>>> print(open('coords_23.cif').read())   # mmCIF, C-alpha atoms
data_entry
loop_
_atom_site.label_atom_id
_atom_site.label_comp_id
_atom_site.auth_asym_id
_atom_site.auth_seq_id
_atom_site.Cartn_x
_atom_site.Cartn_y
_atom_site.Cartn_z
CA MET A 21 229.05 67.68 68.68
CA ALA A 22 229.87 65.00 71.26
CA GLU A 23 233.33 65.05 72.84
CA THR A 24 235.63 62.10 72.14
CA VAL A 25 237.15 60.78 75.37
CA LEU A 26 239.14 57.83 74.04
CA GLU A 27 240.40 57.14 70.52
CA LEU A 28 242.42 54.16 69.34
CA ASP A 29 244.29 54.73 66.09
CA ASP A 30 245.92 51.69 64.43
CA LEU A 31 246.78 50.13 67.80
CA THR A 32 248.98 47.05 67.43
CA VAL A 33 250.20 44.84 70.28
CA ARG A 34 252.76 42.09 69.72
CA PHE A 35 254.33 39.48 72.00
CA HIS A 36 257.77 38.01 71.34
CA LEU A 37 257.59 34.45 72.65
CA ARG A 38 259.97 31.50 72.51
CA ARG A 39 257.79 29.84 69.88
CA GLY A 40 257.70 32.98 67.76
CA ASP A 41 255.93 36.33 67.49
CA LEU A 42 252.22 36.66 68.24
CA THR A 43 250.22 39.71 67.17
CA ALA A 44 247.38 39.94 69.69
CA VAL A 45 245.91 43.22 68.42
CA ASP A 46 246.40 44.28 64.82
CA GLY A 47 245.51 47.83 63.77
CA ALA A 48 242.55 48.38 66.11
CA SER A 49 240.83 51.74 65.63
CA PHE A 50 237.69 53.03 67.35
CA SER A 51 236.56 55.94 69.51
CA ILE A 52 234.35 56.40 72.57
CA GLU A 53 232.48 59.61 73.32
CA ARG A 54 231.82 61.16 76.71
CA GLY A 55 228.94 59.42 78.49
CA GLN A 56 228.91 56.59 75.95
CA THR A 57 229.06 52.83 76.60
CA PHE A 58 231.08 50.97 73.98
CA GLY A 59 230.90 47.18 73.81
CA LEU A 60 233.91 45.22 72.53
CA VAL A 61 232.72 41.71 71.74
CA GLY A 62 234.29 38.53 70.39
CA GLU A 63 235.34 34.98 71.22
CA SER A 64 238.03 34.21 73.77
CA GLY A 65 241.48 34.91 72.34
CA SER A 66 240.32 37.61 69.95
CA GLY A 67 242.39 40.34 71.64
CA LYS A 68 239.78 42.16 73.73
CA SER A 69 241.55 42.02 77.09
CA VAL A 70 244.93 42.84 75.51
CA THR A 71 243.33 45.94 73.99
CA ALA A 72 242.12 47.01 77.44
CA LYS A 73 245.53 46.42 79.02
CA ALA A 74 247.18 48.42 76.23
CA ILE A 75 244.87 51.34 77.02
CA MET A 76 245.92 51.11 80.67
CA ARG A 77 249.59 50.68 79.65
CA LEU A 78 249.74 47.31 81.43
CA ILE A 79 251.38 45.30 78.64
CA PRO A 80 254.52 43.71 80.15
CA ALA A 81 257.68 44.49 78.20
CA PRO A 82 259.29 42.12 77.44
CA PRO A 83 257.72 40.02 75.99
CA GLY A 84 255.06 42.51 74.89
CA GLU A 85 255.43 45.66 72.82
CA ILE A 86 253.25 48.22 71.07
CA PRO A 87 255.10 48.74 67.78
CA ARG A 88 252.64 51.21 66.29
CA GLY A 89 249.45 53.12 66.90
CA ARG A 90 248.11 55.71 69.30
CA VAL A 91 245.83 55.65 72.34
CA LEU A 92 244.43 59.15 72.72
CA PHE A 93 242.76 59.88 76.05
CA GLU A 94 241.22 63.35 76.16
CA GLY A 95 243.49 64.31 73.26
CA SER A 96 246.76 63.12 74.82
CA ASN A 97 248.60 59.98 73.66
CA ILE A 98 248.86 57.57 76.59
CA LEU A 99 251.70 55.69 74.88
CA ASP A 100 253.92 58.79 75.12
CA LYS A 101 253.45 59.26 78.86
CA SER A 102 256.08 58.40 81.45
CA ASP A 103 255.52 55.73 84.09
CA ALA A 104 254.97 58.46 86.71
CA GLU A 105 252.36 60.16 84.52
CA MET A 106 250.57 56.84 84.01
CA ARG A 107 250.50 56.15 87.75
CA ALA A 108 248.84 59.53 88.21
CA LEU A 109 246.34 58.76 85.44
CA ARG A 110 245.29 55.27 86.54
CA GLY A 111 242.62 55.28 89.17
CA ARG A 112 242.05 59.02 89.10
CA ARG A 113 240.90 59.38 85.49
CA ILE A 114 240.91 55.86 84.03
CA ALA A 115 240.00 52.77 86.05
CA MET A 116 239.56 49.11 85.20
CA VAL A 117 237.45 46.29 86.61
CA PHE A 118 239.45 43.14 85.93
CA GLN A 119 237.96 39.86 84.78
CA GLU A 120 238.73 37.66 87.79
CA PRO A 121 238.42 39.29 91.25
CA MET A 122 240.24 36.47 93.04
CA SER A 123 243.30 37.15 90.89
CA ALA A 124 243.07 40.94 91.02
CA LEU A 125 242.41 41.31 94.76
CA ASN A 126 245.07 40.50 97.36
CA PRO A 127 243.97 37.65 99.67
CA VAL A 128 246.17 38.74 102.63
CA PHE A 129 244.73 42.25 103.01
CA THR A 130 241.24 43.25 104.07
CA VAL A 131 238.87 44.89 101.62
CA CYS A 132 239.18 48.17 103.51
CA ASP A 133 242.98 48.09 103.32
CA GLN A 134 242.97 47.51 99.56
CA ILE A 135 240.46 50.24 98.70
CA SER A 136 241.97 52.64 101.25
CA ASP A 137 245.40 52.26 99.67
CA ALA A 138 244.12 53.76 96.40
CA LEU A 139 242.32 56.56 98.24
CA ARG A 140 245.31 57.52 100.36
CA THR A 141 247.76 57.30 97.46
CA ASN A 142 245.71 59.13 94.83
CA LEU A 143 243.61 61.54 96.92
CA GLY A 144 245.82 62.03 99.98
CA LEU A 145 243.10 61.07 102.45
CA SER A 146 243.92 60.27 106.05
CA LYS A 147 243.37 56.75 107.36
CA LYS A 148 240.11 57.76 109.03
CA GLU A 149 238.84 59.66 105.97
CA ALA A 150 239.72 56.74 103.71
CA ARG A 151 237.88 54.29 105.95
CA GLU A 152 234.75 56.48 105.91
CA ARG A 153 234.98 56.73 102.12
CA VAL A 154 235.26 52.94 101.82
CA VAL A 155 231.99 52.57 103.74
CA GLU A 156 230.33 54.96 101.27
CA LEU A 157 231.74 53.06 98.28
CA LEU A 158 230.66 49.64 99.55
CA SER A 159 227.19 51.03 100.18
CA LEU A 160 227.17 52.58 96.70
CA VAL A 161 227.79 49.21 95.03
CA GLY A 162 225.13 47.48 97.11
CA ILE A 163 227.10 45.52 99.71
CA PRO A 164 224.82 45.06 102.73
CA SER A 165 226.02 46.25 106.16
CA PRO A 166 229.21 47.79 104.71
CA GLN A 167 230.45 48.91 108.13
CA LYS A 168 230.57 45.28 109.23
CA ARG A 169 232.33 44.07 106.04
CA LEU A 170 235.21 46.56 106.07
CA ASP A 171 237.67 44.19 107.72
CA SER A 172 236.61 41.10 105.79
CA TYR A 173 238.99 39.29 103.47
CA VAL A 174 238.32 38.43 99.83
CA HIS A 175 237.64 34.74 100.52
CA GLU A 176 234.81 35.76 102.87
CA PHE A 177 232.81 37.24 99.98
CA SER A 178 230.76 35.46 97.32
CA GLY A 179 231.66 35.81 93.63
CA GLY A 180 229.11 38.56 93.06
CA MET A 181 230.22 40.46 96.16
CA ARG A 182 233.87 40.25 95.08
CA GLN A 183 232.92 41.81 91.78
CA ARG A 184 231.15 44.60 93.68
CA VAL A 185 234.34 45.18 95.67
CA MET A 186 236.27 45.44 92.40
CA LEU A 187 233.77 47.99 91.14
CA ALA A 188 234.00 49.97 94.39
CA MET A 189 237.78 50.04 94.05
CA ALA A 190 237.55 51.19 90.42
CA LEU A 191 235.12 54.00 91.36
CA SER A 192 237.02 55.05 94.49
CA CYS A 193 238.80 58.05 92.94
CA ASN A 194 235.89 59.19 90.74
CA PRO A 195 237.42 58.40 87.30
CA ASN A 196 235.67 59.66 84.18
CA PHE A 197 236.47 56.56 82.10
CA LEU A 198 235.90 52.94 83.16
CA ILE A 199 236.99 49.68 81.53
CA ALA A 200 235.03 46.59 82.55
CA ASP A 201 236.70 43.37 81.35
CA GLU A 202 234.06 40.62 81.32
CA PRO A 203 232.81 41.54 84.83
CA THR A 204 229.96 39.02 84.72
CA THR A 205 231.99 35.96 83.68
CA ALA A 206 231.64 32.90 85.96
CA LEU A 207 228.65 34.39 87.79
CA ASP A 208 225.20 32.83 87.71
CA VAL A 209 222.55 34.47 85.56
CA THR A 210 220.78 36.30 88.40
CA ILE A 211 224.02 37.77 89.76
CA GLN A 212 225.11 38.68 86.22
CA ALA A 213 221.97 40.75 85.77
CA THR A 214 222.48 42.45 89.13
CA ILE A 215 226.12 43.37 88.40
CA LEU A 216 225.19 44.58 84.92
CA GLU A 217 222.42 46.81 86.26
CA LEU A 218 224.81 48.12 88.91
CA ILE A 219 227.51 49.05 86.38
CA THR A 220 225.14 50.72 83.91
CA GLY A 221 223.44 52.57 86.77
CA MET A 222 226.78 53.87 88.05
CA ILE A 223 227.76 55.03 84.55
CA GLU A 224 224.53 57.00 84.13
CA ARG A 225 224.63 58.39 87.66
CA LEU A 226 228.27 59.50 87.55
CA GLY A 227 228.33 60.60 83.89
CA MET A 228 231.23 58.29 83.00
CA SER A 229 232.24 56.65 79.72
CA LEU A 230 232.54 52.86 79.63
CA LEU A 231 234.44 50.28 77.58
CA PHE A 232 232.57 47.03 78.23
CA ILE A 233 234.43 43.88 77.15
CA THR A 234 232.39 40.71 76.77
CA HIS A 235 231.73 37.64 74.65
CA ASN A 236 228.00 37.86 75.43
CA LEU A 237 225.97 39.70 72.80
CA GLY A 238 222.96 39.63 75.12
CA VAL A 239 224.91 41.85 77.53
CA VAL A 240 225.88 44.15 74.64
CA ALA A 241 222.24 44.48 73.58
CA HIS A 242 221.25 45.50 77.08
CA ALA A 243 224.08 47.79 78.11
CA CYS A 244 225.91 49.34 75.16
CA ASP A 245 225.40 52.25 72.75
CA ARG A 246 228.02 51.31 70.16
CA VAL A 247 229.64 47.97 69.38
CA GLY A 248 232.99 46.80 68.05
CA VAL A 249 233.22 43.16 66.95
CA MET A 250 236.71 41.67 67.26
CA TYR A 251 238.03 38.49 65.69
CA ALA A 252 241.61 37.12 65.83
CA SER A 253 243.23 40.50 66.63
CA HIS A 254 241.19 42.56 64.12
CA ILE A 255 238.16 44.83 64.51
CA VAL A 256 235.86 43.34 61.85
CA GLU A 257 232.71 45.42 62.40
CA LEU A 258 231.95 48.69 64.12
CA GLY A 259 228.78 50.71 64.53
CA ASP A 260 225.67 51.65 66.45
CA LYS A 261 224.18 48.79 68.46
CA ARG A 262 220.78 48.91 66.76
CA GLU A 263 222.32 49.01 63.29
CA ILE A 264 224.62 46.05 63.94
CA PHE A 265 221.86 43.92 65.49
CA ALA A 266 219.40 44.78 62.72
CA ARG A 267 221.79 44.70 59.73
CA PRO A 268 225.07 42.87 60.54
CA GLN A 269 227.54 43.27 57.67
CA HIS A 270 230.30 40.78 58.54
CA PRO A 271 229.79 36.98 58.39
CA TYR A 272 231.37 36.60 61.83
CA THR A 273 228.88 39.04 63.37
CA VAL A 274 226.05 37.17 61.64
CA GLY A 275 227.38 33.94 63.14
CA LEU A 276 227.53 35.43 66.64
CA LEU A 277 223.95 36.67 66.36
CA ASN A 278 222.71 33.31 65.03
CA SER A 279 224.23 31.55 68.05
CA ILE A 280 222.21 33.57 70.59
CA PRO A 281 219.26 31.71 72.19
CA ARG A 282 215.94 33.40 71.37
CA LEU A 283 212.71 33.50 73.32
CA ASP A 284 210.34 34.22 70.42
CA GLY A 285 210.32 30.62 69.19
CA GLN A 286 211.43 31.46 65.64
CA ALA A 287 214.48 29.18 65.72
CA LYS A 288 214.30 25.59 66.98
CA TYR A 289 218.06 25.06 67.03
CA LEU A 290 221.03 27.37 67.46
CA THR A 291 223.39 27.79 64.50
CA PRO A 292 227.01 27.56 65.67
CA ILE A 293 229.92 29.10 63.80
CA ALA A 294 231.77 26.34 61.98
CA GLY A 295 235.34 25.49 63.01
CA SER A 296 237.34 27.14 65.75
CA VAL A 297 239.43 30.25 66.29
CA CYS A 298 242.64 30.13 64.28
CA ASN A 299 246.07 29.48 65.79
CA MET A 300 247.40 32.99 66.41
CA MET A 301 250.99 31.72 66.30
CA ASP A 302 250.37 30.62 62.72
CA PRO A 303 247.30 32.53 61.46
CA PRO A 304 245.87 31.97 57.97
CA THR A 305 246.79 34.37 55.21
CA GLY A 306 244.34 37.05 54.15
CA CYS A 307 241.15 37.35 56.19
CA LYS A 308 241.64 35.33 59.37
CA PHE A 309 237.97 34.33 59.35
CA HIS A 310 237.99 32.80 55.85
CA PRO A 311 238.55 29.16 56.98
CA ARG A 312 235.25 29.37 58.89
CA CYS A 313 233.33 31.52 56.40
CA SER A 314 230.79 30.05 53.96
CA HIS A 315 231.19 33.13 51.73
CA ALA A 316 234.99 32.91 51.40
CA MET A 317 236.44 33.87 47.99
CA ASP A 318 239.96 33.67 46.54
CA VAL A 319 240.63 37.28 47.51
CA CYS A 320 239.78 36.42 51.14
CA ARG A 321 242.69 33.96 51.20
CA ARG A 322 245.12 36.52 49.76
CA GLU A 323 244.27 39.93 51.20
CA ILE A 324 243.35 41.24 54.64
CA PRO A 325 240.14 43.30 54.27
CA ARG A 326 240.15 46.83 55.64
CA LEU A 327 237.37 48.52 57.58
CA LYS A 328 235.17 50.47 55.19
CA GLU A 329 231.96 52.41 55.74
CA ILE A 330 228.93 50.40 54.61
CA ALA A 331 226.36 52.87 55.96
CA PRO A 332 226.74 56.13 57.89
CA GLY A 333 228.69 55.24 61.04
CA HIS A 334 228.62 51.50 60.24
CA LEU A 335 231.94 49.92 59.20
CA ALA A 336 232.85 46.36 58.26
CA ALA A 337 236.02 44.61 57.11
CA CYS A 338 234.83 42.11 54.50
CA HIS A 339 235.66 41.57 50.82
CA LEU A 340 231.99 40.85 50.11
CA HIS A 341 231.39 44.59 50.18
CA ASP A 342 234.15 45.18 47.62
CA ARG A 343 232.21 43.00 45.19
CA GLY A 344 228.79 44.36 46.09
CA THR A 345 227.64 40.88 47.07
CA ALA A 346 226.98 41.46 50.78
#
>>> encode(input="coords_23.cif", output="structure tokens")
Amino acid sequence: MAETVLELDDLTVRFHLRRGDLTAVDGASFSIERGQTFGLVGESGSGKSVTAKAIMRLIPAPPGEIPRGRVLFEGSNILDKSDAEMRALRGRRIAMVFQEPMSALNPVFTVCDQISDALRTNLGLSKKEARERVVELLSLVGIPSPQKRLDSYVHEFSGGMRQRVMLAMALSCNPNFLIADEPTTALDVTIQATILELITGMIERLGMSLLFITHNLGVVAHACDRVGVMYASHIVELGDKREIFARPQHPYTVGLLNSIPRLDGQAKYLTPIAGSVCNMMDPPTGCKFHPRCSHAMDVCRREIPRLKEIAPGHLAACHLHDRGTA
């Protein structure tokens, strides 16, 4: 039986803002096994990045709070750990590649200084040892002539190279769990493919587990083993990649799949999902997707559907399955 590395149980994240309370993640539950790549997919604003930051315990308080739920990493609840214990955990055992390198990297320090800082703090390496290790890491992620790029600043790298630096920093202390938050966003298609191949290759080579956050189902199809579909703070579908792509069970997942360009010529036009993501400060009652759903029933407007098993290992949160009409 495969070992579970990370398990989310009813995770809820809320922000108390001047305009009111906003629930960014509402009862998220899923698990990731050792060596597995899990894709968390959904439109912008669905709660994917907040979920990742909650796992890393990076939700600012105030205004944020985690009122309920558990984040179990290797059997231990991260939410119960002290700040000192979390500082020891981040980098060494759990690492994260953030969405925008120019925001995550410090423009006034060289690349070597920034990666070395993590190595010296977490592994106790000397300045010389850390510098040698940085050369190895930059070479590992495919940066040409790494010895010559050690003392370069972030603005001297292209977008794809900055993302490689972020990956090198995340891998610097040999963590066994990696979170990649939309690492291919804002990169051209060729560079996206290169970064994606690099990340998946590193995961296989180092035997790590990966939480891959994206809005691109094409990336999910290529890189992930299991998939969680997120909409307006809720996990609405969960299962094996092949099962979800072959037999999607939630109307939102169906809409996402219908909006993917295809190369086989079967569809002349893409089919967009009607409407737009709901206002999370004033969400609709019941199922948050019902204003955009062509299958909406009265019960959808009244009650929030719960995740239920439709097939072995395949779960969906939709009232259609309560009526046997899916």
>>> resolve_selection(input="coords_23.cif", expression="the PyMOL selection byres ((chain A and resi 198) around 9)", output="list in words")
Arg113, Ile114, Ala115, Met116, Val117, Ala190, Leu191, Pro195, Asn196, Phe197, Ile199, Ala200, Ile223, Met228, Ser229, Leu230, Leu231 and Phe232 of chain A
>>> write_last_selection(input="coords_23.cif", atoms="C-alpha atoms", output="PDB file, in the coordinates of the input")
ATOM      1  CA  ARG A 113     240.900  59.380  85.490  1.00  0.00           C
ATOM      2  CA  ILE A 114     240.910  55.860  84.030  1.00  0.00           C
ATOM      3  CA  ALA A 115     240.000  52.770  86.050  1.00  0.00           C
ATOM      4  CA  MET A 116     239.560  49.110  85.200  1.00  0.00           C
ATOM      5  CA  VAL A 117     237.450  46.290  86.610  1.00  0.00           C
ATOM      6  CA  ALA A 190     237.550  51.190  90.420  1.00  0.00           C
ATOM      7  CA  LEU A 191     235.120  54.000  91.360  1.00  0.00           C
ATOM      8  CA  PRO A 195     237.420  58.400  87.300  1.00  0.00           C
ATOM      9  CA  ASN A 196     235.670  59.660  84.180  1.00  0.00           C
ATOM     10  CA  PHE A 197     236.470  56.560  82.100  1.00  0.00           C
ATOM     11  CA  ILE A 199     236.990  49.680  81.530  1.00  0.00           C
ATOM     12  CA  ALA A 200     235.030  46.590  82.550  1.00  0.00           C
ATOM     13  CA  ILE A 223     227.760  55.030  84.550  1.00  0.00           C
ATOM     14  CA  MET A 228     231.230  58.290  83.000  1.00  0.00           C
ATOM     15  CA  SER A 229     232.240  56.650  79.720  1.00  0.00           C
ATOM     16  CA  LEU A 230     232.540  52.860  79.630  1.00  0.00           C
ATOM     17  CA  LEU A 231     234.440  50.280  77.580  1.00  0.00           C
ATOM     18  CA  PHE A 232     232.570  47.030  78.230  1.00  0.00           C
TER      19      PHE A 232
END
>>> closest_atom_pairs(input="coords_23.cif", of="segment 119-193 of chain A", to="segment 93-107 of chain A", cutoff="12 Å", atoms="only C-alpha atoms", output="Markdown table")
| residue | atom | partner | partner_atom | distance |
| --- | --- | --- | --- | --- |
| A:Ala138 | CA | A:Arg107 | CA | 11.0 |
| A:Thr141 | CA | A:Arg107 | CA | 10.2 |
| A:Asn142 | CA | A:Arg107 | CA | 9.1 |
>>> write_last_selection(input="coords_23.cif", atoms="C-alpha atoms", output="tab-separated table (two decimals), in the frame of the given file")
chain	number	residue	atom	x	y	z
A	138	ALA	CA	244.12	53.76	96.40
A	141	THR	CA	247.76	57.30	97.46
A	142	ASN	CA	245.71	59.13	94.83
>>> atom_distance(input="coords_23.cif", atom1="atom CA of Asn236 of chain A", atom2="atom CA of Thr24 of chain A")
25.6 Å
>>> closest_residue(input="coords_23.cif", among="A:Val61, A:Leu216, A:Leu226, A:Cys193", to="Leu258 of chain A", atoms="all atoms listed in the file")
A:Val61
>>> resolve_selection(input="coords_23.cif", expression="the PyMOL selection byres ((chain A and resi 170-182) around 7)", output="ChimeraX atom specification")
/A:121,127,129-132,163,166-169,183-186,207,211
>>> write_last_selection(input="coords_23.cif", atoms="C-alpha atoms", output="mmCIF file, keeping the file's coordinate frame")
data_model
loop_
_atom_site.group_PDB
_atom_site.id
_atom_site.type_symbol
_atom_site.label_atom_id
_atom_site.label_comp_id
_atom_site.auth_asym_id
_atom_site.auth_seq_id
_atom_site.Cartn_x
_atom_site.Cartn_y
_atom_site.Cartn_z
ATOM 1 C CA PRO A 121 238.420 39.290 91.250
ATOM 2 C CA PRO A 127 243.970 37.650 99.670
ATOM 3 C CA PHE A 129 244.730 42.250 103.010
ATOM 4 C CA THR A 130 241.240 43.250 104.070
ATOM 5 C CA VAL A 131 238.870 44.890 101.620
ATOM 6 C CA CYS A 132 239.180 48.170 103.510
ATOM 7 C CA ILE A 163 227.100 45.520 99.710
ATOM 8 C CA PRO A 166 229.210 47.790 104.710
ATOM 9 C CA GLN A 167 230.450 48.910 108.130
ATOM 10 C CA LYS A 168 230.570 45.280 109.230
ATOM 11 C CA ARG A 169 232.330 44.070 106.040
ATOM 12 C CA GLN A 183 232.920 41.810 91.780
ATOM 13 C CA ARG A 184 231.150 44.600 93.680
ATOM 14 C CA VAL A 185 234.340 45.180 95.670
ATOM 15 C CA MET A 186 236.270 45.440 92.400
ATOM 16 C CA LEU A 207 228.650 34.390 87.790
ATOM 17 C CA ILE A 211 224.020 37.770 89.760
#
>>> closest_residue(input="coords_23.cif", among="A:Leu139, A:Gly275, A:Arg225, A:Val239", to="Gln212 of chain A", atoms="only C-alpha atoms")
A:Val239
>>> residues_around(input="coords_23.cif", residues="Val319 of chain A", least_positions_apart="3", cutoff="9 Å", atoms="only C-alpha atoms", output="number ranges by chain")
A: 306-307, 316, 322-324, 339
>>> resolve_selection(input="coords_23.cif", expression="the PyMOL selection byres ((chain A and resi 52) around 6)", output="MDAnalysis selection string")
chainID A and resid 24:26 51 53
>>> closest_residue(input="coords_23.cif", among="A:Ile255, A:Cys320, A:Leu218, A:Leu160", to="Ser49 of chain A", atoms="all atoms listed in the file")
A:Ile255
>>> closest_residue(input="coords_23.cif", among="A:Leu28, A:Leu109, A:Ile264, A:Cys244", to="Thr220 of chain A", atoms="all atoms listed in the file")
A:Cys244
>>> closest_residue(input="coords_23.cif", among="A:Asp201, A:Asp41, A:Asp29, A:Glu149", to="Gly84 of chain A", atoms="all atoms listed in the file")
A:Asp41
>>> axis_aligned_box(input="coords_23.cif", around="segment 204-209 of chain A", padding_each_side="6 Å", output="lines of an AutoDock Vina configuration file")
center_x = 227.3
center_y = 35.9
center_z = 85.7
size_x = 21.4
size_y = 18.2
size_z = 16.1
>>> atom_distance(input="coords_23.cif", atom1="atom CA of Arg88 of chain A", atom2="atom CA of Thr43 of chain A")
11.8 Å
>>> atom_distance(input="coords_23.cif", atom1="atom CA of Arg262 of chain A", atom2="atom CA of Met250 of chain A")
17.5 Å
>>> closest_residue(input="coords_23.cif", among="A:Leu340, A:Ile75, A:Ala243, A:Val209", to="Lys328 of chain A", atoms="all atoms listed in the file")
A:Leu340
>>> build_atoms(input="coords_23.cif", residues="segment 141-152 of chain A", atoms="N, CA, C and O atoms", output="mmCIF file, in the coordinates of the input")
data_model
loop_
_atom_site.group_PDB
_atom_site.id
_atom_site.type_symbol
_atom_site.label_atom_id
_atom_site.label_comp_id
_atom_site.auth_asym_id
_atom_site.auth_seq_id
_atom_site.Cartn_x
_atom_site.Cartn_y
_atom_site.Cartn_z
ATOM 1 N N THR A 141 246.699 57.023 98.429
ATOM 2 C CA THR A 141 247.760 57.300 97.460
ATOM 3 C C THR A 141 247.343 58.376 96.462
ATOM 4 O O THR A 141 248.093 59.319 96.191
ATOM 5 N N ASN A 142 246.139 58.243 95.913
ATOM 6 C CA ASN A 142 245.710 59.130 94.830
ATOM 7 C C ASN A 142 245.060 60.424 95.316
ATOM 8 O O ASN A 142 245.194 61.464 94.669
ATOM 9 N N LEU A 143 244.343 60.361 96.446
ATOM 10 C CA LEU A 143 243.610 61.540 96.920
ATOM 11 C C LEU A 143 244.198 62.149 98.180
ATOM 12 O O LEU A 143 243.738 63.207 98.630
ATOM 13 N N GLY A 144 245.179 61.483 98.793
ATOM 14 C CA GLY A 144 245.820 62.030 99.980
ATOM 15 C C GLY A 144 244.951 62.037 101.213
ATOM 16 O O GLY A 144 245.152 62.868 102.111
ATOM 17 N N LEU A 145 243.983 61.117 101.294
ATOM 18 C CA LEU A 145 243.100 61.070 102.450
ATOM 19 C C LEU A 145 243.826 60.485 103.657
ATOM 20 O O LEU A 145 244.745 59.675 103.525
ATOM 21 N N SER A 146 243.395 60.876 104.836
ATOM 22 C CA SER A 146 243.920 60.270 106.050
ATOM 23 C C SER A 146 243.332 58.878 106.206
ATOM 24 O O SER A 146 242.379 58.503 105.507
ATOM 25 N N LYS A 147 243.861 58.106 107.149
ATOM 26 C CA LYS A 147 243.370 56.750 107.360
ATOM 27 C C LYS A 147 241.899 56.749 107.754
ATOM 28 O O LYS A 147 241.117 55.928 107.257
ATOM 29 N N LYS A 148 241.510 57.679 108.599
ATOM 30 C CA LYS A 148 240.110 57.760 109.030
ATOM 31 C C LYS A 148 239.209 58.179 107.878
ATOM 32 O O LYS A 148 238.132 57.601 107.677
ATOM 33 N N GLU A 149 239.634 59.193 107.113
ATOM 34 C CA GLU A 149 238.840 59.660 105.970
ATOM 35 C C GLU A 149 238.682 58.565 104.922
ATOM 36 O O GLU A 149 237.592 58.387 104.350
ATOM 37 N N ALA A 150 239.779 57.822 104.689
ATOM 38 C CA ALA A 150 239.720 56.740 103.710
ATOM 39 C C ALA A 150 238.758 55.655 104.156
ATOM 40 O O ALA A 150 237.985 55.120 103.351
ATOM 41 N N ARG A 151 238.759 55.337 105.437
ATOM 42 C CA ARG A 151 237.880 54.290 105.950
ATOM 43 C C ARG A 151 236.408 54.713 105.802
ATOM 44 O O ARG A 151 235.557 53.900 105.423
ATOM 45 N N GLU A 152 236.119 55.976 106.073
ATOM 46 C CA GLU A 152 234.750 56.480 105.910
ATOM 47 C C GLU A 152 234.327 56.431 104.440
ATOM 48 O O GLU A 152 233.181 56.114 104.118
#
